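What's in structure_37.pdb: PDB, C-alpha atoms, pLDDT in the B column
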```pdb
ATOM      1  CA  MET A1493      45.474  71.891  63.939  1.00 62.00           C
ATOM      2  CA  ARG A1494      45.763  68.167  64.407  1.00 80.00           C
ATOM      3  CA  TYR A1495      47.132  66.594  67.547  1.00 85.00           C
ATOM      4  CA  TYR A1496      48.455  63.132  68.313  1.00 88.00           C
ATOM      5  CA  PRO A1497      46.882  61.924  71.571  1.00 88.00           C
ATOM      6  CA  MET A1498      49.146  60.260  74.122  1.00 90.00           C
ATOM      7  CA  PHE A1499      49.830  59.937  77.826  1.00 92.00           C
ATOM      8  CA  LEU A1500      53.335  61.055  78.734  1.00 95.00           C
ATOM      9  CA  SER A1501      55.410  59.758  81.649  1.00 96.00           C
ATOM     10  CA  LEU A1502      56.845  62.738  83.530  1.00 97.00           C
ATOM     11  CA  SER A1503      58.068  60.857  86.582  1.00 96.00           C
ATOM     12  CA  GLU A1504      61.229  62.535  87.890  1.00 93.00           C
ATOM     13  CA  LYS A1505      61.467  64.760  84.801  1.00 98.00           C
ATOM     14  CA  THR A1506      61.684  68.545  85.041  1.00 98.00           C
ATOM     15  CA  ALA A1507      58.942  70.787  83.701  1.00 98.00           C
ATOM     16  CA  VAL A1508      59.169  74.576  83.798  1.00 98.00           C
ATOM     17  CA  VAL A1509      56.117  76.767  84.372  1.00 98.00           C
ATOM     18  CA  VAL A1510      56.618  80.472  83.687  1.00 98.00           C
ATOM     19  CA  GLY A1511      53.878  82.356  85.507  1.00 98.00           C
ATOM     20  CA  GLY A1512      52.652  82.386  89.072  1.00 98.00           C
ATOM     21  CA  GLY A1513      48.959  83.116  88.537  1.00 98.00           C
ATOM     22  CA  LYS A1514      45.832  80.983  88.354  1.00 97.00           C
ATOM     23  CA  VAL A1515      46.762  79.303  85.062  1.00 96.00           C
ATOM     24  CA  GLY A1516      50.319  78.597  86.187  1.00 98.00           C
ATOM     25  CA  LEU A1517      48.988  77.089  89.412  1.00 98.00           C
ATOM     26  CA  ARG A1518      46.617  74.789  87.510  1.00 96.00           C
ATOM     27  CA  LYS A1519      49.427  73.635  85.193  1.00 97.00           C
ATOM     28  CA  THR A1520      51.759  73.114  88.170  1.00 98.00           C
ATOM     29  CA  LYS A1521      49.252  70.985  90.068  1.00 97.00           C
ATOM     30  CA  GLY A1522      48.646  68.819  86.987  1.00 94.00           C
ATOM     31  CA  LEU A1523      52.382  68.300  86.503  1.00 97.00           C
ATOM     32  CA  LEU A1524      52.885  67.386  90.157  1.00 97.00           C
ATOM     33  CA  GLY A1525      50.042  64.882  89.878  1.00 92.00           C
ATOM     34  CA  ALA A1526      51.952  63.219  87.045  1.00 93.00           C
ATOM     35  CA  GLY A1527      55.133  62.967  89.136  1.00 96.00           C
ATOM     36  CA  ALA A1528      57.092  65.759  87.451  1.00 98.00           C
ATOM     37  CA  ARG A1529      59.682  67.916  89.137  1.00 98.00           C
ATOM     38  CA  VAL A1530      58.374  71.443  88.654  1.00 98.00           C
ATOM     39  CA  LYS A1531      60.249  74.722  88.541  1.00 98.00           C
ATOM     40  CA  VAL A1532      58.090  77.864  88.610  1.00 98.00           C
ATOM     41  CA  ILE A1533      59.553  81.153  87.375  1.00 98.00           C
ATOM     42  CA  SER A1534      57.691  84.338  88.262  1.00 98.00           C
ATOM     43  CA  PRO A1535      58.343  87.702  89.938  1.00 98.00           C
ATOM     44  CA  ALA A1536      55.258  86.978  92.101  1.00 97.00           C
ATOM     45  CA  TRP A1537      52.904  84.055  92.651  1.00 95.00           C
ATOM     46  CA  ARG A1538      49.684  83.063  94.306  1.00 97.00           C
ATOM     47  CA  ALA A1539      49.944  82.014  97.942  1.00 97.00           C
ATOM     48  CA  GLU A1540      48.872  78.452  97.012  1.00 97.00           C
ATOM     49  CA  PHE A1541      52.286  77.876  95.410  1.00 97.00           C
ATOM     50  CA  GLU A1542      54.000  78.173  98.795  1.00 93.00           C
ATOM     51  CA  GLY A1543      52.818  74.768 100.041  1.00 92.00           C
ATOM     52  CA  LEU A1544      53.637  72.845  96.875  1.00 98.00           C
ATOM     53  CA  PRO A1545      56.778  70.711  96.423  1.00 98.00           C
ATOM     54  CA  VAL A1546      58.159  72.895  93.625  1.00 98.00           C
ATOM     55  CA  LYS A1547      61.237  75.004  93.043  1.00 98.00           C
ATOM     56  CA  LEU A1548      60.070  78.624  93.151  1.00 98.00           C
ATOM     57  CA  VAL A1549      62.270  81.200  91.422  1.00 98.00           C
ATOM     58  CA  ARG A1550      61.117  84.755  92.161  1.00 98.00           C
ATOM     59  CA  ARG A1551      62.239  86.782  89.148  1.00 98.00           C
ATOM     60  CA  ALA A1552      61.544  87.381  85.480  1.00 98.00           C
ATOM     61  CA  PHE A1553      62.061  84.572  82.958  1.00 98.00           C
ATOM     62  CA  ARG A1554      65.551  83.998  81.544  1.00 98.00           C
ATOM     63  CA  ALA A1555      66.360  81.744  78.599  1.00 97.00           C
ATOM     64  CA  SER A1556      68.624  79.671  80.863  1.00 98.00           C
ATOM     65  CA  ASP A1557      65.571  78.704  82.972  1.00 98.00           C
ATOM     66  CA  LEU A1558      64.663  76.030  80.424  1.00 98.00           C
ATOM     67  CA  LYS A1559      67.960  74.156  80.729  1.00 97.00           C
ATOM     68  CA  GLY A1560      67.235  70.502  81.553  1.00 97.00           C
ATOM     69  CA  ALA A1561      63.474  70.794  81.066  1.00 98.00           C
ATOM     70  CA  CYS A1562      61.447  68.218  79.169  1.00 98.00           C
ATOM     71  CA  LEU A1563      58.379  70.512  78.899  1.00 98.00           C
ATOM     72  CA  ALA A1564      57.746  74.236  79.168  1.00 98.00           C
ATOM     73  CA  PHE A1565      54.575  76.159  79.964  1.00 98.00           C
ATOM     74  CA  ALA A1566      54.232  79.872  79.213  1.00 98.00           C
ATOM     75  CA  ALA A1567      51.434  80.935  81.553  1.00 98.00           C
ATOM     76  CA  THR A1568      51.905  84.633  82.259  1.00 98.00           C
ATOM     77  CA  ASP A1569      49.598  87.594  81.689  1.00 95.00           C
ATOM     78  CA  HIS A1570      52.269  89.152  79.460  1.00 96.00           C
ATOM     79  CA  ARG A1571      52.118  88.154  75.827  1.00 96.00           C
ATOM     80  CA  GLU A1572      55.738  89.156  75.114  1.00 97.00           C
ATOM     81  CA  VAL A1573      57.044  87.043  78.000  1.00 98.00           C
ATOM     82  CA  ASN A1574      55.016  84.089  76.732  1.00 98.00           C
ATOM     83  CA  ARG A1575      56.483  84.623  73.249  1.00 97.00           C
ATOM     84  CA  ARG A1576      60.020  84.638  74.687  1.00 98.00           C
ATOM     85  CA  VAL A1577      59.356  81.365  76.505  1.00 98.00           C
ATOM     86  CA  GLU A1578      57.922  79.894  73.287  1.00 98.00           C
ATOM     87  CA  ARG A1579      60.871  80.977  71.135  1.00 98.00           C
ATOM     88  CA  GLU A1580      63.489  79.705  73.571  1.00 98.00           C
ATOM     89  CA  ALA A1581      61.730  76.367  74.125  1.00 98.00           C
ATOM     90  CA  LYS A1582      61.423  75.781  70.398  1.00 98.00           C
ATOM     91  CA  ARG A1583      65.064  76.769  69.871  1.00 98.00           C
ATOM     92  CA  LEU A1584      66.060  74.126  72.437  1.00 98.00           C
ATOM     93  CA  GLY A1585      63.665  71.503  71.069  1.00 98.00           C
ATOM     94  CA  ILE A1586      61.531  71.508  74.223  1.00 98.00           C
ATOM     95  CA  PRO A1587      57.783  71.089  73.656  1.00 98.00           C
ATOM     96  CA  VAL A1588      55.960  74.203  74.838  1.00 98.00           C
ATOM     97  CA  ASN A1589      52.401  75.083  75.802  1.00 97.00           C
ATOM     98  CA  VAL A1590      51.496  78.771  75.501  1.00 97.00           C
ATOM     99  CA  ALA A1591      48.415  79.455  77.603  1.00 91.00           C
ATOM    100  CA  ASP A1592      47.148  82.450  75.638  1.00 81.00           C
ATOM    101  CA  ASP A1593      47.877  81.165  72.127  1.00 91.00           C
ATOM    102  CA  PRO A1594      46.849  77.610  71.122  1.00 85.00           C
ATOM    103  CA  ALA A1595      48.357  78.079  67.642  1.00 90.00           C
ATOM    104  CA  ALA A1596      51.802  78.593  69.224  1.00 95.00           C
ATOM    105  CA  CYS A1597      51.587  75.381  71.264  1.00 94.00           C
ATOM    106  CA  ASP A1598      53.499  72.227  70.459  1.00 95.00           C
ATOM    107  CA  PHE A1599      50.957  70.402  72.611  1.00 94.00           C
ATOM    108  CA  ILE A1600      47.719  71.148  74.417  1.00 90.00           C
ATOM    109  CA  VAL A1601      46.528  69.803  77.736  1.00 90.00           C
ATOM    110  CA  PRO A1602      43.153  68.060  77.477  1.00 90.00           C
ATOM    111  CA  ALA A1603      40.405  68.088  80.050  1.00 89.00           C
ATOM    112  CA  ARG A1604      40.991  64.953  82.117  1.00 90.00           C
ATOM    113  CA  VAL A1605      38.853  62.745  84.276  1.00 90.00           C
ATOM    114  CA  ARG A1606      40.702  60.502  86.728  1.00 84.00           C
ATOM    115  CA  SER A1607      39.494  57.616  88.818  1.00 78.00           C
ATOM    116  CA  GLY A1608      42.512  55.901  90.325  1.00 75.00           C
ATOM    117  CA  GLU A1609      44.595  54.582  87.452  1.00 78.00           C
ATOM    118  CA  LEU A1610      41.796  55.146  84.943  1.00 82.00           C
ATOM    119  CA  GLN A1611      42.092  58.381  82.968  1.00 87.00           C
ATOM    120  CA  VAL A1612      39.948  59.731  80.165  1.00 91.00           C
ATOM    121  CA  ALA A1613      41.080  62.788  78.203  1.00 93.00           C
ATOM    122  CA  VAL A1614      38.819  65.100  76.209  1.00 93.00           C
ATOM    123  CA  SER A1615      40.070  67.607  73.662  1.00 90.00           C
ATOM    124  CA  THR A1616      38.439  69.974  71.225  1.00 89.00           C
ATOM    125  CA  SER A1617      41.892  70.928  69.856  1.00 83.00           C
ATOM    126  CA  GLY A1618      41.592  74.174  71.780  1.00 79.00           C
ATOM    127  CA  ARG A1619      38.457  75.313  69.943  1.00 83.00           C
ATOM    128  CA  SER A1620      35.925  74.930  72.752  1.00 88.00           C
ATOM    129  CA  PRO A1621      37.239  74.611  76.315  1.00 84.00           C
ATOM    130  CA  ARG A1622      33.659  74.980  77.581  1.00 90.00           C
ATOM    131  CA  LEU A1623      32.517  71.905  75.616  1.00 95.00           C
ATOM    132  CA  ALA A1624      35.540  69.911  76.811  1.00 91.00           C
ATOM    133  CA  ALA A1625      34.748  70.859  80.431  1.00 90.00           C
ATOM    134  CA  GLU A1626      31.096  69.835  80.010  1.00 94.00           C
ATOM    135  CA  LEU A1627      32.088  66.467  78.501  1.00 95.00           C
ATOM    136  CA  LYS A1628      34.613  65.993  81.322  1.00 93.00           C
ATOM    137  CA  ARG A1629      31.851  66.583  83.876  1.00 92.00           C
ATOM    138  CA  LYS A1630      29.528  64.076  82.190  1.00 93.00           C
ATOM    139  CA  ILE A1631      32.237  61.412  81.809  1.00 91.00           C
ATOM    140  CA  GLY A1632      33.217  61.922  85.448  1.00 90.00           C
ATOM    141  CA  ALA A1633      29.637  61.271  86.535  1.00 88.00           C
ATOM    142  CA  VAL A1634      29.612  58.004  84.561  1.00 85.00           C
ATOM    143  CA  LEU A1635      32.987  56.861  85.935  1.00 82.00           C
ATOM    144  CA  LYS A1636      31.905  57.384  89.544  1.00 82.00           C
ATOM    145  CA  GLY A1637      29.725  54.336  89.158  1.00 69.00           C
ATOM    146  CA  VAL A1638      32.413  52.128  87.628  1.00 70.00           C
ATOM    147  CA  PRO A1639      34.487  50.182  90.149  1.00 68.00           C
ATOM    148  CA  LEU A1640      38.073  49.654  88.963  1.00 64.00           C
ATOM    149  CA  SER A1641      37.721  45.990  89.914  1.00 67.00           C
ATOM    150  CA  ALA A1642      35.281  45.712  86.993  1.00 63.00           C
ATOM    151  CA  ILE A1643      37.985  46.733  84.522  1.00 64.00           C
ATOM    152  CA  PRO A1644      39.915  43.716  83.207  1.00 68.00           C
ATOM    153  CA  THR A1645      43.703  43.734  83.597  1.00 71.00           C
ATOM    154  CA  ARG A1646      46.214  42.299  81.172  1.00 68.00           C
TER     155      ARG A1646
END
```

Please rewrite the model in this file as structure tokens.
Amino acid sequence: MRYYPMFLSLSEKTAVVVGGGKVGLRKTKGLLGAGARVKVISPAWRAEFEGLPVKLVRRAFRASDLKGACLAFAATDHREVNRRVEREAKRLGIPVNVADDPAACDFIVPARVRSGELQVAVSTSGRSPRLAAELKRKIGAVLKGVPLSAIPTR
């Protein structure tokens, strides 16, 4: 599959994460870091969700949960629930990421390295997350030595 790389502004936009486990938590933290308003739908969630500035909805996913969302993430341990999230998001024209099925995704989330305003994204189009993580680690080590003042501005 081919992907078009871009950085998306999520400031003050709503993203829905369905799933309260480890993957859902990682997606939620990334969305919050980008300034998104996050709604998490799950019958249960990890304790780490409790301290985050998110709307937590403790129940099973409903199609109406995606109303007003600009992005959806299906991040449960239940394949059928993830499929329902995918189908409803696509029906509504909302880009969706399905954690357990890269082929079902409208977009994938790359491995990212951040240093202030500088961001570098690495993607293997979902084929090798291990390689992407290793490249992220190496790029991060290089960027630690680069002061942002050395990067020219407009």

How close does each residue of range 1498-1560 of chain A get to range 1580-1602 of chain A, giving the shortest atom pair and distance in Å to one decimal for every residue with an atom at most 9 Å away, counting all atoms listed in the file, sorted by chain and residue number, as CSV?
```
residue,atom,partner,partner_atom,distance
A:Val1515,CA,A:Ala1591,CA,7.6
A:Gly1516,CA,A:Ala1591,CA,8.8
A:Lys1519,CA,A:Val1601,CA,8.9
A:Ala1555,CA,A:Glu1580,CA,6.1
A:Ser1556,CA,A:Glu1580,CA,8.9
A:Leu1558,CA,A:Ala1581,CA,7.0
A:Lys1559,CA,A:Leu1584,CA,8.5
```

*Pick the closest to Arg1551 in chain A from A:Thr1645, A:Thr1520, A:Ser1534, A:Ser1501: which is it, counting all atoms listed in the file?*
A:Ser1534

*Kindly resolve the PyMOL selection byres ((chain A and resi 1539-1541) around 12) on the present coordinates and return the residues as a ChimeraX atom specification.*
/A:1509,1511-1521,1524,1530-1534,1536-1538,1542-1550

*What separation in Å, quoted to one decimal, exists between CA of Val1612 in chain A and CA of Asn1574 in chain A?*
28.8 Å

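Reported to one decimal place, the separation of CA of Met1498 in chain A from CA of Ser1615 in chain A is 11.7 Å.
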
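From CA of Arg1575 in chain A back to CA of Glu1504 in chain A, the distance works out to 26.9 Å.
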
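Taking only C-alpha atoms into account, Arg1554 in chain A lies nearest to A:Arg1576 out of the set A:Arg1494, A:Arg1576, A:Lys1636, A:Lys1628.
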
*Around (58.7, 88.4, 82.3) in the file's frame, which residues reach within 6 Å when counting only C-alpha atoms? Return as a PyMOL selection string?*
chain A and resi 1552-1553+1573

*Where does the PyMOL selection byres ((chain A and resi 1563) around 8) land in this file, that is, which residues does it pick, as a VMD selection string?*
chain A and resid 1506 to 1508 1561 to 1562 1564 to 1565 1586 to 1588

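Closest approach to Pro1497 in chain A among A:Arg1529, A:Gly1522, A:Val1634, A:Ser1617 is made by A:Ser1617 (distances from all atoms listed in the file).
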
*A:Val1577, A:Ala1603, A:Ala1528, A:Val1510 ranked by distance to Leu1627 in chain A, top pick (using only C-alpha atoms)*: A:Ala1603

*So which residues get picked by the PyMOL selection byres ((chain A and resi 1629) around 12) here, written as a PyMOL selection string?*
chain A and resi 1603-1606+1612-1614+1622-1628+1630-1636

Let me have the centre and edge lengths in Å, one decimal, of the box along x, y and z around every listed atom of range 1625-1638 of chain A with 8 Å of margin on each side, as JSON.
```
{"center_x": 32.1, "center_y": 61.5, "center_z": 84.0, "size_x": 21.2, "size_y": 34.7, "size_z": 27.0}
```

Atom completion result for range 1532-1554 of chain A (N, CA and C atoms) as a PDB file, in the frame of the given file:
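The new file selection-v5.pdb reads:
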```
ATOM      1  N   VAL A1532      58.980  76.759  88.947  1.00 98.00           N
ATOM      2  CA  VAL A1532      58.090  77.864  88.610  1.00 98.00           C
ATOM      3  C   VAL A1532      58.903  79.155  88.625  1.00 98.00           C
ATOM      4  N   ILE A1533      58.842  79.884  87.506  1.00 98.00           N
ATOM      5  CA  ILE A1533      59.553  81.153  87.375  1.00 98.00           C
ATOM      6  C   ILE A1533      58.525  82.264  87.324  1.00 98.00           C
ATOM      7  N   SER A1534      58.612  83.210  88.254  1.00 98.00           N
ATOM      8  CA  SER A1534      57.691  84.338  88.262  1.00 98.00           C
ATOM      9  C   SER A1534      58.157  85.377  89.277  1.00 98.00           C
ATOM     10  N   PRO A1535      58.003  86.668  88.956  1.00 98.00           N
ATOM     11  CA  PRO A1535      58.343  87.702  89.938  1.00 98.00           C
ATOM     12  C   PRO A1535      57.424  87.657  91.166  1.00 98.00           C
ATOM     13  N   ALA A1536      56.222  87.103  91.005  1.00 97.00           N
ATOM     14  CA  ALA A1536      55.258  86.978  92.101  1.00 97.00           C
ATOM     15  C   ALA A1536      54.382  85.768  91.815  1.00 97.00           C
ATOM     16  N   TRP A1537      53.799  85.194  92.854  1.00 95.00           N
ATOM     17  CA  TRP A1537      52.904  84.055  92.651  1.00 95.00           C
ATOM     18  C   TRP A1537      51.816  84.029  93.711  1.00 95.00           C
ATOM     19  N   ARG A1538      50.795  83.259  93.378  1.00 97.00           N
ATOM     20  CA  ARG A1538      49.684  83.063  94.306  1.00 97.00           C
ATOM     21  C   ARG A1538      50.188  82.339  95.554  1.00 97.00           C
ATOM     22  N   ALA A1539      49.547  82.618  96.663  1.00 97.00           N
ATOM     23  CA  ALA A1539      49.944  82.014  97.942  1.00 97.00           C
ATOM     24  C   ALA A1539      49.902  80.489  97.892  1.00 97.00           C
ATOM     25  N   GLU A1540      49.008  79.921  97.084  1.00 97.00           N
ATOM     26  CA  GLU A1540      48.872  78.452  97.012  1.00 97.00           C
ATOM     27  C   GLU A1540      50.150  77.761  96.543  1.00 97.00           C
ATOM     28  N   PHE A1541      51.026  78.476  95.857  1.00 97.00           N
ATOM     29  CA  PHE A1541      52.286  77.876  95.410  1.00 97.00           C
ATOM     30  C   PHE A1541      53.190  77.536  96.596  1.00 97.00           C
ATOM     31  N   GLU A1542      53.087  78.313  97.659  1.00 93.00           N
ATOM     32  CA  GLU A1542      54.000  78.173  98.795  1.00 93.00           C
ATOM     33  C   GLU A1542      53.999  76.775  99.415  1.00 93.00           C
ATOM     34  N   GLY A1543      52.880  76.086  99.426  1.00 92.00           N
ATOM     35  CA  GLY A1543      52.818  74.768 100.041  1.00 92.00           C
ATOM     36  C   GLY A1543      53.115  73.616  99.097  1.00 92.00           C
ATOM     37  N   LEU A1544      53.411  73.912  97.858  1.00 98.00           N
ATOM     38  CA  LEU A1544      53.637  72.845  96.875  1.00 98.00           C
ATOM     39  C   LEU A1544      55.113  72.443  96.821  1.00 98.00           C
ATOM     40  N   PRO A1545      55.391  71.169  96.526  1.00 98.00           N
ATOM     41  CA  PRO A1545      56.778  70.711  96.423  1.00 98.00           C
ATOM     42  C   PRO A1545      57.390  71.086  95.062  1.00 98.00           C
ATOM     43  N   VAL A1546      57.609  72.383  94.876  1.00 98.00           N
ATOM     44  CA  VAL A1546      58.159  72.895  93.625  1.00 98.00           C
ATOM     45  C   VAL A1546      59.341  73.804  93.927  1.00 98.00           C
ATOM     46  N   LYS A1547      60.161  74.028  92.923  1.00 98.00           N
ATOM     47  CA  LYS A1547      61.237  75.004  93.043  1.00 98.00           C
ATOM     48  C   LYS A1547      60.675  76.341  92.576  1.00 98.00           C
ATOM     49  N   LEU A1548      60.597  77.306  93.485  1.00 98.00           N
ATOM     50  CA  LEU A1548      60.070  78.624  93.151  1.00 98.00           C
ATOM     51  C   LEU A1548      61.232  79.582  92.921  1.00 98.00           C
ATOM     52  N   VAL A1549      61.229  80.241  91.763  1.00 98.00           N
ATOM     53  CA  VAL A1549      62.270  81.200  91.422  1.00 98.00           C
ATOM     54  C   VAL A1549      61.587  82.546  91.231  1.00 98.00           C
ATOM     55  N   ARG A1550      61.819  83.471  92.161  1.00 98.00           N
ATOM     56  CA  ARG A1550      61.117  84.755  92.161  1.00 98.00           C
ATOM     57  C   ARG A1550      61.907  85.784  91.351  1.00 98.00           C
ATOM     58  N   ARG A1551      61.655  85.790  90.047  1.00 98.00           N
ATOM     59  CA  ARG A1551      62.239  86.782  89.148  1.00 98.00           C
ATOM     60  C   ARG A1551      61.638  86.592  87.769  1.00 98.00           C
ATOM     61  N   ALA A1552      62.012  87.479  86.864  1.00 98.00           N
ATOM     62  CA  ALA A1552      61.544  87.381  85.480  1.00 98.00           C
ATOM     63  C   ALA A1552      62.213  86.191  84.785  1.00 98.00           C
ATOM     64  N   PHE A1553      61.556  85.694  83.756  1.00 98.00           N
ATOM     65  CA  PHE A1553      62.061  84.572  82.958  1.00 98.00           C
ATOM     66  C   PHE A1553      63.383  84.917  82.290  1.00 98.00           C
ATOM     67  N   ARG A1554      64.291  83.935  82.286  1.00 98.00           N
ATOM     68  CA  ARG A1554      65.551  83.998  81.544  1.00 98.00           C
ATOM     69  C   ARG A1554      65.619  82.757  80.664  1.00 98.00           C
TER      70      ARG A1554
END
```
